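Coordinates from upload10.cif are shown below (mmCIF, C-alpha atoms and all ligand atoms).
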data_final
loop_
_atom_site.label_atom_id
_atom_site.label_comp_id
_atom_site.auth_asym_id
_atom_site.auth_seq_id
_atom_site.Cartn_x
_atom_site.Cartn_y
_atom_site.Cartn_z
CA MET A 279 -4.81 10.93 24.31
CA THR A 280 -3.33 12.28 21.14
CA PRO A 281 -1.87 10.12 18.41
CA LEU A 282 1.87 10.19 17.74
CA TYR A 283 1.01 10.72 14.11
CA GLU A 284 -2.13 11.19 12.07
CA GLY A 285 -2.10 10.59 8.33
CA LYS A 286 -4.82 10.61 5.70
CA ALA A 287 -6.04 7.07 6.38
CA LYS A 288 -4.40 5.97 9.63
CA ARG A 289 -3.35 7.08 13.10
CA LEU A 290 -0.36 5.82 15.04
CA TRP A 291 -0.50 5.49 18.82
CA ALA A 292 2.13 4.67 21.41
CA THR A 293 1.95 1.41 23.35
CA GLU A 294 3.68 0.29 26.56
CA ASP A 295 6.47 -1.11 24.40
CA PRO A 296 8.61 1.73 22.97
CA ASN A 297 9.39 -0.40 19.92
CA VAL A 298 5.75 -1.20 19.13
CA LEU A 299 2.99 1.14 17.93
CA ARG A 300 -0.74 0.73 17.49
CA MET A 301 -1.86 1.54 13.96
CA GLU A 302 -5.51 2.54 13.64
CA PHE A 303 -7.31 2.40 10.27
CA LYS A 304 -9.69 5.32 9.71
CA ASP A 305 -12.75 5.51 7.46
CA ASP A 306 -11.38 8.60 5.70
CA ALA A 307 -10.63 8.34 2.00
CA THR A 308 -8.58 10.82 0.01
CA ALA A 309 -7.48 10.99 -3.60
CA PHE A 310 -5.55 13.33 -5.88
CA ASN A 311 -3.09 14.27 -3.15
CA GLY A 312 -5.83 14.96 -0.61
CA GLU A 313 -7.90 17.23 -2.87
CA LYS A 314 -10.83 14.82 -2.97
CA LYS A 315 -12.09 13.67 0.42
CA ALA A 316 -14.85 11.37 1.66
CA GLN A 317 -15.68 9.00 4.46
CA PHE A 318 -16.74 5.42 3.88
CA GLU A 319 -18.32 3.54 6.73
CA ASN A 320 -16.33 0.33 7.29
CA LYS A 321 -13.36 1.28 5.12
CA GLY A 322 -11.01 1.13 8.11
CA ARG A 323 -12.35 -2.25 9.16
CA LEU A 324 -12.14 -3.67 5.62
CA ASN A 325 -8.62 -2.36 4.94
CA ASN A 326 -7.40 -3.60 8.30
CA ALA A 327 -8.83 -7.07 7.62
CA ILE A 328 -7.40 -7.22 4.08
CA SER A 329 -4.01 -5.81 5.07
CA THR A 330 -3.70 -8.13 8.09
CA LEU A 331 -4.33 -11.22 5.93
CA ILE A 332 -1.89 -10.04 3.27
CA TYR A 333 0.85 -9.16 5.77
CA GLY A 334 0.40 -12.57 7.41
CA PHE A 335 0.74 -14.19 4.00
CA LEU A 336 3.83 -12.14 3.08
CA GLU A 337 5.50 -12.98 6.40
CA LYS A 338 4.85 -16.69 5.70
CA GLU A 339 6.47 -16.20 2.30
CA GLY A 340 9.58 -14.79 3.99
CA VAL A 341 9.04 -11.05 3.51
CA PRO A 342 10.04 -9.10 6.66
CA THR A 343 7.35 -6.57 7.61
CA HIS A 344 6.42 -4.25 10.47
CA PHE A 345 3.35 -6.34 11.27
CA VAL A 346 3.06 -7.81 14.79
CA ARG A 347 -0.60 -8.77 15.32
CA GLN A 348 -4.16 -7.64 14.82
CA ILE A 349 -5.67 -6.14 17.98
CA ASP A 350 -9.27 -5.62 16.83
CA GLU A 351 -11.33 -4.57 13.82
CA ARG A 352 -9.66 -1.17 13.55
CA ASN A 353 -6.21 -1.69 15.06
CA VAL A 354 -3.02 -3.62 14.59
CA GLU A 355 0.27 -3.66 16.44
CA VAL A 356 3.27 -2.83 14.31
CA LYS A 357 6.97 -2.55 14.98
CA LYS A 358 8.02 1.06 15.31
CA VAL A 359 9.88 2.15 12.18
CA ASP A 360 11.35 5.28 10.71
CA ILE A 361 9.49 5.46 7.38
CA LEU A 362 11.69 6.04 4.33
CA MET A 363 10.44 9.09 2.46
CA VAL A 364 10.42 7.11 -0.79
CA GLU A 365 7.26 5.48 -2.13
CA VAL A 366 7.97 2.43 -4.28
CA ILE A 367 5.43 1.73 -7.02
CA VAL A 368 5.34 -1.46 -9.05
CA ARG A 369 3.34 -1.64 -12.27
CA ASN A 370 2.39 -4.75 -14.23
CA LEU A 371 -0.10 -3.03 -16.53
CA ALA A 372 -0.43 0.57 -17.64
CA ALA A 373 -2.90 2.58 -15.55
CA GLY A 374 -3.32 5.79 -13.59
CA SER A 375 -0.49 8.27 -13.65
CA PHE A 376 1.61 6.02 -15.94
CA SER A 377 -1.04 6.31 -18.65
CA LYS A 378 -1.47 10.03 -18.04
CA ARG A 379 2.27 10.63 -18.27
CA THR A 380 2.94 8.49 -21.35
CA GLY A 381 -0.33 8.40 -23.28
CA VAL A 382 -0.24 4.60 -23.16
CA GLU A 383 -3.75 3.18 -22.91
CA GLU A 384 -4.79 1.65 -19.57
CA GLY A 385 -4.49 -2.12 -19.60
CA LYS A 386 -1.34 -2.49 -21.71
CA VAL A 387 0.59 -5.39 -20.22
CA PHE A 388 4.29 -4.72 -19.62
CA SER A 389 6.87 -7.31 -20.71
CA GLN A 390 8.46 -6.91 -17.26
CA PRO A 391 7.23 -5.03 -14.19
CA ILE A 392 8.11 -1.35 -13.91
CA VAL A 393 9.45 -0.11 -10.57
CA GLU A 394 9.31 3.62 -9.94
CA TYR A 395 9.90 5.91 -6.99
CA SER A 396 8.31 9.06 -5.70
CA ILE A 397 9.08 11.32 -2.78
CA LYS A 398 6.57 10.83 0.02
CA SER A 399 5.52 14.47 0.34
CA ASP A 400 1.99 15.84 0.18
CA ALA A 401 3.40 19.36 -0.06
CA LEU A 402 5.30 18.45 -3.24
CA GLY A 403 2.56 16.15 -4.58
CA ASP A 404 4.65 12.94 -4.38
CA PRO A 405 6.92 13.80 -7.33
CA LEU A 406 8.37 11.01 -9.45
CA VAL A 407 12.13 10.69 -8.90
CA ASN A 408 14.95 8.40 -10.00
CA ASP A 409 17.86 6.66 -8.27
CA ASP A 410 20.15 9.67 -8.56
CA TYR A 411 17.59 12.02 -6.94
CA ILE A 412 17.12 9.56 -4.08
CA ARG A 413 20.87 9.32 -3.46
CA GLU A 414 21.45 13.07 -3.62
CA LEU A 415 18.40 13.86 -1.46
CA GLY A 416 19.73 11.37 1.07
CA LEU A 417 16.42 9.47 1.12
CA ALA A 418 18.16 6.09 0.79
CA THR A 419 21.65 4.87 -0.05
CA PRO A 420 22.18 3.09 -3.38
CA GLU A 421 22.46 -0.18 -1.43
CA GLU A 422 19.20 0.49 0.38
CA LEU A 423 17.49 1.41 -2.88
CA ALA A 424 18.68 -1.82 -4.48
CA PHE A 425 17.14 -3.64 -1.52
CA LEU A 426 13.85 -1.71 -1.91
CA ARG A 427 13.68 -2.56 -5.60
CA ALA A 428 14.46 -6.25 -5.07
CA SER A 429 11.94 -6.44 -2.19
CA ALA A 430 9.25 -4.69 -4.24
CA LEU A 431 9.74 -7.11 -7.14
CA LYS A 432 9.65 -10.07 -4.76
CA VAL A 433 6.41 -8.77 -3.22
CA ASN A 434 5.03 -8.24 -6.72
CA GLY A 435 5.71 -11.87 -7.65
CA ILE A 436 4.11 -13.17 -4.46
CA LEU A 437 1.09 -10.86 -4.61
CA SER A 438 0.47 -11.25 -8.35
CA ASP A 439 0.13 -15.03 -7.83
CA PHE A 440 -1.88 -14.51 -4.67
CA PHE A 441 -4.38 -12.11 -6.23
CA ALA A 442 -4.67 -14.35 -9.31
CA LYS A 443 -5.94 -17.03 -6.93
CA CYS A 444 -8.49 -14.43 -5.81
CA GLY A 445 -9.59 -13.91 -9.41
CA LEU A 446 -7.92 -10.48 -9.42
CA LYS A 447 -5.26 -8.92 -11.61
CA LEU A 448 -2.67 -6.94 -9.63
CA VAL A 449 -2.30 -3.95 -11.96
CA ASP A 450 -0.05 -1.77 -9.79
CA PHE A 451 0.59 -0.96 -6.14
CA LYS A 452 2.52 1.31 -3.82
CA LEU A 453 4.82 0.12 -1.02
CA GLU A 454 6.42 1.95 1.87
CA PHE A 455 9.39 0.74 3.86
CA GLY A 456 10.84 1.69 7.22
CA ARG A 457 13.99 1.28 9.30
CA LEU A 458 13.28 -0.61 12.52
CA ALA A 459 13.51 1.67 15.56
CA GLU A 460 15.27 -1.07 17.50
CA ASP A 461 17.65 -1.87 14.63
CA PRO A 462 17.89 0.93 12.02
CA ALA A 463 20.11 -1.21 9.76
CA THR A 464 17.10 -3.44 9.12
CA ILE A 465 14.52 -2.24 6.59
CA VAL A 466 11.07 -3.83 6.59
CA LEU A 467 7.87 -3.43 4.63
CA ALA A 468 5.54 -0.99 6.44
CA ASP A 469 2.25 0.88 5.94
CA GLU A 470 -0.72 -1.17 4.64
CA ILE A 471 -1.56 -3.28 1.62
CA SER A 472 -5.19 -2.77 0.68
CA PRO A 473 -7.36 -1.64 -2.24
CA ASP A 474 -6.44 1.93 -1.22
CA GLY A 475 -2.91 1.43 -2.54
CA CYS A 476 -3.30 -1.35 -5.11
CA ARG A 477 -5.14 -1.45 -8.41
CA LEU A 478 -7.05 -4.72 -8.62
CA TRP A 479 -9.12 -5.67 -11.66
CA ASP A 480 -11.50 -8.61 -11.75
CA LEU A 481 -9.89 -11.24 -13.97
CA LYS A 482 -13.16 -12.19 -15.68
CA THR A 483 -15.01 -8.88 -16.03
CA GLY A 484 -12.16 -6.36 -15.84
CA GLU A 485 -14.16 -4.49 -13.21
CA LYS A 486 -12.13 -2.17 -10.96
CA MET A 487 -12.10 -3.42 -7.36
CA ASP A 488 -10.02 -0.68 -5.72
CA LYS A 489 -9.79 3.01 -4.88
CA ASP A 490 -10.30 3.97 -8.53
CA ARG A 491 -14.01 3.41 -7.79
CA PHE A 492 -13.74 6.43 -5.48
CA ARG A 493 -11.28 8.43 -7.62
CA ARG A 494 -13.48 8.05 -10.71
CA ASP A 495 -16.91 8.15 -9.01
CA LEU A 496 -17.82 4.64 -10.16
CA GLY A 497 -19.90 3.89 -7.04
CA GLY A 498 -19.94 0.65 -5.07
CA VAL A 499 -16.63 1.46 -3.39
CA MET A 500 -17.16 -0.47 -0.16
CA GLU A 501 -18.96 -3.28 -1.98
CA ALA A 502 -15.78 -3.80 -4.03
CA TYR A 503 -13.53 -3.71 -0.92
CA GLU A 504 -15.88 -6.20 0.80
CA GLU A 505 -15.64 -8.50 -2.24
CA VAL A 506 -11.83 -8.24 -2.18
CA LEU A 507 -11.86 -9.16 1.53
CA GLN A 508 -14.05 -12.22 0.92
CA ARG A 509 -11.75 -13.44 -1.86
CA VAL A 510 -8.59 -12.78 0.18
CA LYS A 511 -10.16 -14.68 3.09
CA GLU A 512 -10.89 -17.66 0.86
CA ALA A 513 -7.38 -17.62 -0.62
CA THR A 514 -5.74 -17.55 2.83
CA ALA A 515 -8.14 -20.04 4.51
N1 LIG A 601 -0.61 4.94 -4.91
C1 LIG A 601 -0.80 5.11 -3.56
N2 LIG A 601 -0.47 6.31 -2.98
C2 LIG A 601 0.05 7.33 -3.69
C3 LIG A 601 0.24 7.15 -5.07
C4 LIG A 601 -0.10 5.96 -5.65
O1 LIG A 601 -1.25 4.20 -2.88
O2 LIG A 601 0.35 8.38 -3.10
C5 LIG A 601 -0.95 3.65 -5.54
C6 LIG A 601 -2.22 3.74 -6.37
O3 LIG A 601 -3.34 3.34 -5.62
C7 LIG A 601 -1.94 2.77 -7.50
C8 LIG A 601 -0.42 2.80 -7.66
O4 LIG A 601 0.08 3.30 -6.44
O5 LIG A 601 -2.32 1.46 -7.14
C9 LIG A 601 0.04 3.64 -8.81
O6 LIG A 601 -0.57 4.91 -8.71
P1 LIG A 601 -0.37 6.01 -9.82
O7 LIG A 601 1.04 6.44 -9.83
O8 LIG A 601 -0.94 5.52 -11.09
O9 LIG A 601 -1.12 7.27 -9.27
P2 LIG A 601 -2.62 7.73 -9.17
O10 LIG A 601 -3.37 7.16 -10.30
O11 LIG A 601 -3.03 7.24 -7.82
O12 LIG A 601 -2.47 9.21 -9.23
#
Is it possible to express this structure as structure tokens?
Ligand code: UDP
Amino acid sequence: MTPLYEGKAKRLWATEDPNVLRMEFKDDATAFNGEKKAQFENKGRLNNAISTLIYGFLEKEGVPTHFVRQIDERNVEVKKVDILMVEVIVRNLAAGSFSKRTGVEEGKVFSQPIVEYSIKSDALGDPLVNDDYIRELGLATPEELAFLRASALKVNGILSDFFAKCGLKLVDFKLEFGRLAEDPATIVLADEISPDGCRLWDLKTGEKMDKDRFRRDLGGVMEAYEEVLQRVKEATA
């Protein structure tokens, strides 16, 4: 069997239902647009467990997502979607590429969250774009983009409170959205929500509990993901 799609961290497989796919979490880790690569035993299992709990929580909070059910440690069932080629990033504190681009020190708290967009393209290096680019590139209509922004801010509110209960600061995160295969007018949250795509800092110690441990060679990458899972489990119990 060959997957329908293989990305950097996941594979998508067909199921008997044409509107449902199986999403498999791999142990592969990449950073800096795929330039830095590694494998971490258990990463797929940990991200699947974390993402499944968070998607369940978001659904309960009224956020429509692609999530159907967890199959096993590595796999979930998701509704088939056509992924929008726009990545939506929400930032509560300065970090990462924001700090690099602006010179603002990591950790500066914004008065209001920043929402930004990039084109989902490894070949182009996920370039930062604005509303006008997205309209002219035909990546989303202005109405759809307004929906993406409102949804991202809603998710930010829900997840900031949620992670605070976990003793974690939600610094920034990336979301992807897709049009449902069975109803393309409906856009839902897709992809995964895990320490691969969120910056999470321990509220007490400021310690990084996310993929920056891999990006910056801080060590203890899977230990941090495991700790995030334990806290997310407690907060959703
Ligand atoms: N992010 C991601 N995939 C990307 C780019 C960013 O998941 O292709 C996440 C990243 O983990 C962080 C947030 O989005 O939580 C903001 O990332 P940033 O733009 O600072 O880029 P980076 O530091 O990853 O280059």
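Remark: for ligand LIG 601 (chain A), the closest of the candidate residues A:Leu415, A:Met487, A:Val356, A:Leu467 is A:Met487 (distances computed over all atoms listed in the file).
Here atom O3 of ligand LIG 601 (chain A) is placed at a distance of 7.4 Å from atom CA of Asp450 of chain A.
Minimum atom-to-atom distance to ligand LIG 601 (chain A), evaluated using all atoms listed in the file, belongs to A:Gly385 out of A:Gly456, A:Gly385, A:Pro462, A:Gly498.
Considering all atoms listed in the file, every residue of the polymer chains approaching ligand LIG 601 (chain A) to 6 Å or closer is listed here: Ile367, Ala373, Gly374, Ser375, Phe376, Asp450, Phe451, Lys452, Asp474, Gly475, Cys476 and Arg477 of chain A.
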Sphere at (-5.3, -6.0, -9.2), radius 10 Å, counting only C-alpha atoms: residues as a count of residues only: 27
Leaving out Ile328 of chain A and any residue of its chain fewer than 3 positions from it, which residues lie within 12 Å of it when counting only C-alpha atoms, given as a VMD selection string? chain A and resid 303 321 to 325 331 to 335 348 351 to 352 354 441 470 to 476 503 to 514
Shell around segment 284-297 of chain A at 6 Å using all atoms listed in the file, local window under 4 positions removed, as a PyMOL selection string: chain A and resi 301-304+306+357-358
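The spacing separating atom CA of Arg300 of chain A from atom CA of Leu453 of chain A amounts to 19.3 Å.
Candidate residues A:Ile397, A:Met500, A:Ala463, A:Ile361 were compared for distance to Phe318 of chain A, and the nearest is A:Met500, using only C-alpha atoms.
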Please return, as JSON, numbers by chain, all polymer residues that have at least one atom within 12 Å of the point (7.4, -8.1, -16.2); use all atoms listed in the file and the file's own coordinate frame. {"A": [368, 369, 370, 371, 372, 386, 387, 388, 389, 390, 391, 392, 393, 431, 432, 434, 435, 438, 449, 450]}
Report, in Å with one decimal, the straight-line distance from atom CA of Ile465 of chain A to atom CA of Leu406 of chain A. 21.7 Å
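Ranking A:Asp360, A:Glu355, A:Asp404, A:Glu422 by their shortest atom-to-atom distance to Leu458 of chain A, with only C-alpha atoms included, puts A:Asp360 first.
Nearest to Thr343 of chain A of all the residues A:Lys482, A:Glu454, A:Glu501, A:Arg379 is A:Glu454, based on only C-alpha atoms.
Proximity to Tyr411 of chain A was assessed for A:Asn326, A:Arg427, A:Glu384, A:Val364 counting only C-alpha atoms; the smallest distance is recorded for A:Val364.
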Could segment 471-487 of chain A be completed with N, CA, C and O atoms and written as a PDB file, keeping the file's coordinate frame, please?
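Contents of selection.pdb, freshly written:
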ATOM      1  N   ILE A 471      -1.319  -2.805   2.989  1.00  0.00           N
ATOM      2  CA  ILE A 471      -1.560  -3.280   1.620  1.00  0.00           C
ATOM      3  C   ILE A 471      -3.052  -3.548   1.516  1.00  0.00           C
ATOM      4  O   ILE A 471      -3.579  -4.461   2.167  1.00  0.00           O
ATOM      5  N   SER A 472      -3.739  -2.699   0.752  1.00  0.00           N
ATOM      6  CA  SER A 472      -5.190  -2.770   0.680  1.00  0.00           C
ATOM      7  C   SER A 472      -5.625  -2.168  -0.657  1.00  0.00           C
ATOM      8  O   SER A 472      -4.790  -1.618  -1.383  1.00  0.00           O
ATOM      9  N   PRO A 473      -6.912  -2.232  -0.973  1.00  0.00           N
ATOM     10  CA  PRO A 473      -7.360  -1.640  -2.240  1.00  0.00           C
ATOM     11  C   PRO A 473      -7.173  -0.122  -2.301  1.00  0.00           C
ATOM     12  O   PRO A 473      -7.344   0.472  -3.362  1.00  0.00           O
ATOM     13  N   ASP A 474      -6.778   0.508  -1.183  1.00  0.00           N
ATOM     14  CA  ASP A 474      -6.440   1.930  -1.220  1.00  0.00           C
ATOM     15  C   ASP A 474      -5.142   2.179  -1.989  1.00  0.00           C
ATOM     16  O   ASP A 474      -4.964   3.254  -2.565  1.00  0.00           O
ATOM     17  N   GLY A 475      -4.241   1.215  -1.950  1.00  0.00           N
ATOM     18  CA  GLY A 475      -2.910   1.430  -2.540  1.00  0.00           C
ATOM     19  C   GLY A 475      -2.544   0.423  -3.603  1.00  0.00           C
ATOM     20  O   GLY A 475      -1.384   0.362  -4.018  1.00  0.00           O
ATOM     21  N   CYS A 476      -3.530  -0.372  -4.032  1.00  0.00           N
ATOM     22  CA  CYS A 476      -3.300  -1.350  -5.110  1.00  0.00           C
ATOM     23  C   CYS A 476      -4.402  -1.171  -6.147  1.00  0.00           C
ATOM     24  O   CYS A 476      -5.552  -0.934  -5.780  1.00  0.00           O
ATOM     25  N   ARG A 477      -4.069  -1.315  -7.418  1.00  0.00           N
ATOM     26  CA  ARG A 477      -5.140  -1.450  -8.410  1.00  0.00           C
ATOM     27  C   ARG A 477      -5.395  -2.935  -8.631  1.00  0.00           C
ATOM     28  O   ARG A 477      -4.463  -3.692  -8.933  1.00  0.00           O
ATOM     29  N   LEU A 478      -6.649  -3.323  -8.481  1.00  0.00           N
ATOM     30  CA  LEU A 478      -7.050  -4.720  -8.620  1.00  0.00           C
ATOM     31  C   LEU A 478      -8.214  -4.786  -9.601  1.00  0.00           C
ATOM     32  O   LEU A 478      -9.241  -4.133  -9.379  1.00  0.00           O
ATOM     33  N   TRP A 479      -8.041  -5.543 -10.666  1.00  0.00           N
ATOM     34  CA  TRP A 479      -9.120  -5.670 -11.660  1.00  0.00           C
ATOM     35  C   TRP A 479      -9.622  -7.106 -11.654  1.00  0.00           C
ATOM     36  O   TRP A 479      -8.822  -8.062 -11.641  1.00  0.00           O
ATOM     37  N   ASP A 480     -10.933  -7.268 -11.694  1.00  0.00           N
ATOM     38  CA  ASP A 480     -11.500  -8.610 -11.750  1.00  0.00           C
ATOM     39  C   ASP A 480     -11.001  -9.312 -13.017  1.00  0.00           C
ATOM     40  O   ASP A 480     -11.070  -8.755 -14.112  1.00  0.00           O
ATOM     41  N   LEU A 481     -10.497 -10.536 -12.843  1.00  0.00           N
ATOM     42  CA  LEU A 481      -9.890 -11.240 -13.970  1.00  0.00           C
ATOM     43  C   LEU A 481     -10.905 -11.535 -15.074  1.00  0.00           C
ATOM     44  O   LEU A 481     -10.560 -11.546 -16.253  1.00  0.00           O
ATOM     45  N   LYS A 482     -12.146 -11.805 -14.675  1.00  0.00           N
ATOM     46  CA  LYS A 482     -13.160 -12.190 -15.680  1.00  0.00           C
ATOM     47  C   LYS A 482     -13.793 -10.968 -16.328  1.00  0.00           C
ATOM     48  O   LYS A 482     -13.914 -10.894 -17.544  1.00  0.00           O
ATOM     49  N   THR A 483     -14.201  -9.994 -15.509  1.00  0.00           N
ATOM     50  CA  THR A 483     -15.010  -8.880 -16.030  1.00  0.00           C
ATOM     51  C   THR A 483     -14.186  -7.623 -16.283  1.00  0.00           C
ATOM     52  O   THR A 483     -14.659  -6.713 -16.965  1.00  0.00           O
ATOM     53  N   GLY A 484     -12.983  -7.570 -15.724  1.00  0.00           N
ATOM     54  CA  GLY A 484     -12.160  -6.360 -15.840  1.00  0.00           C
ATOM     55  C   GLY A 484     -12.606  -5.240 -14.907  1.00  0.00           C
ATOM     56  O   GLY A 484     -12.019  -4.153 -14.902  1.00  0.00           O
ATOM     57  N   GLU A 485     -13.627  -5.523 -14.111  1.00  0.00           N
ATOM     58  CA  GLU A 485     -14.160  -4.490 -13.210  1.00  0.00           C
ATOM     59  C   GLU A 485     -13.095  -4.024 -12.208  1.00  0.00           C
ATOM     60  O   GLU A 485     -12.307  -4.831 -11.713  1.00  0.00           O
ATOM     61  N   LYS A 486     -13.086  -2.718 -11.925  1.00  0.00           N
ATOM     62  CA  LYS A 486     -12.130  -2.170 -10.960  1.00  0.00           C
ATOM     63  C   LYS A 486     -12.623  -2.460  -9.548  1.00  0.00           C
ATOM     64  O   LYS A 486     -13.773  -2.169  -9.226  1.00  0.00           O
ATOM     65  N   MET A 487     -11.718  -2.987  -8.711  1.00  0.00           N
ATOM     66  CA  MET A 487     -12.100  -3.420  -7.360  1.00  0.00           C
ATOM     67  C   MET A 487     -11.256  -2.668  -6.318  1.00  0.00           C
ATOM     68  O   MET A 487     -10.849  -3.260  -5.319  1.00  0.00           O
TER      69      MET A 487
END
